[in-house]
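Enquirer: Got a structure for you, written out below as structure tokens; questions coming shortly.
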Amino acid sequence: MNEAVTLERAAAARVAATPIGTVPVTLTINGDQRELTIEPWVTLLDLLRDTLDLTGSKKGCDHGQCGACTVLVDGNRINACLKLAVTLDGSSITTIEGLADGADLHPLQQAFIDHDAFQCGYCTPGQICSGVALIKEGRATTREEVREQMSGNICRCGAYTNIADAVLDVLGKGDAR
């Protein structure tokens, strides 16, 4: 049999195996490559929480205004509630669950503990992911700059001073991983 026919049959088999109304995507999530078949209207947040059971990222406002759903896509912070998962085919996604290295917390996770930078904890995963990206971006060096760059992440408990302290602590140590 000719190679082109074999390839066409393989492609046809893949299409036939894909449920109608779904799209195959490949995502690297917290270092693990995942082959997924999803509906095109599923947001990244819903995929993470409902399909992959990665519930660290929170659904706060579902309108991109609170930052509770912040995750890293190819190292950049985004509001996962606003991003359709199918648009990220081939991307690398890091959630709060993927920041630690086994039992070793990411330096910013440890700084949040050291500085008591959370109260209820609901916003904490988004705050930490946003802070990790902020540190890597290198655009903030003062408390005012940190507060401005983190302004898309709302803390309803008002732990902003301690959050800024934690970010500044890691910035000062130059340890953003």
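Labeling convention for the structure tokens: chains A, B, ... as they appear, residues from 1 per chain, ligands from 1 in order of appearance.
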Mind checking which residues fall within 12 Å of range 57-74 of chain A, counting only C-alpha atoms, ignoring those fewer than 6 positions away in the same chain, and posting them as a count of residues only?

Expert: 53

Enquirer: Write out as a list in words which residues come within 10 Å of range 115-120 of chain A when counting only C-alpha atoms, dropping same-chain ones fewer than 5 positions away.

Expert: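 In the requested format, the answer is Gln109, Gln110, Pro125, Gln127, Ile128, Cys155, Arg156, Cys157, Gly158, Ala159, Tyr160, Thr161, Asn162, Ile163, Ala164, Asp165, Ala166, Val167 and Asp169 of chain A.
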
Enquirer: Would you please extract all helix (DSSP H, G or I) residues from range 126-162 of chain A, as assigned by DSSP on the backbone, and give them as a list of chain:residue names?

Expert: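 In range 126-162 of chain A, DSSP puts these residues in helix (DSSP H, G or I): A:Gly126, A:Gln127, A:Ile128, A:Cys129, A:Ser130, A:Gly131, A:Val132, A:Ala133, A:Leu134, A:Ile135, A:Lys136, A:Glu137, A:Arg143, A:Glu144, A:Glu145, A:Val146, A:Arg147, A:Glu148, A:Gln149, A:Tyr160, A:Thr161, A:Asn162.
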
Enquirer: I'd like to know which residues of chain A are strand (DSSP E) (by DSSP, run on the backbone); could you write them as a list of chain:residue names?

Expert: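 Those residues are A:Val23, A:Pro24, A:Val25, A:Thr26, A:Leu27, A:Thr28, A:Ile29, A:Asp32, A:Gln33, A:Arg34, A:Glu35, A:Leu36, A:Thr37, A:Ile38, A:Thr70, A:Val71, A:Leu72, A:Val73, A:Asn76, A:Arg77, A:Ile78, A:Asn79, A:Ser92, A:Ile93, A:Thr94.
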
Enquirer: Using C-alpha atoms, can you export the residues from the last selection as a compact mmCIF listing (two decimals), in the first residue's frame?

Expert:
```
# COMPACT_ATOMS: atom_id res chain seq x y z
CA VAL A 23 -11.05 20.04 18.95
CA PRO A 24 -7.83 18.19 19.75
CA VAL A 25 -5.19 20.27 21.55
CA THR A 26 -1.80 19.58 23.03
CA LEU A 27 -0.90 21.50 26.16
CA THR A 28 2.02 21.19 28.52
CA ILE A 29 0.52 21.70 31.96
CA ASP A 32 3.35 17.32 31.68
CA GLN A 33 2.32 17.18 28.03
CA ARG A 34 -1.39 16.49 27.69
CA GLU A 35 -3.30 15.48 24.56
CA LEU A 36 -6.87 16.69 25.07
CA THR A 37 -10.06 16.81 23.06
CA ILE A 38 -12.19 19.75 24.15
CA THR A 70 -4.26 34.07 37.06
CA VAL A 71 -1.98 31.39 35.62
CA LEU A 72 1.20 31.50 33.56
CA VAL A 73 1.07 30.74 29.84
CA ASN A 76 3.26 35.29 30.95
CA ARG A 77 0.41 35.92 33.38
CA ILE A 78 -3.10 35.74 32.03
CA ASN A 79 -6.63 35.59 33.36
CA SER A 92 3.06 25.66 28.28
CA ILE A 93 0.79 26.43 31.23
CA THR A 94 1.89 26.72 34.86
```

Enquirer: With only C-alpha atoms as the basis for distance, which of A:Glu148, A:Gly172, A:Glu8, A:Glu39 is at the shortest distance from Leu84 in chain A?

Expert: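 Under the stated criterion, the closest residue is A:Glu39.
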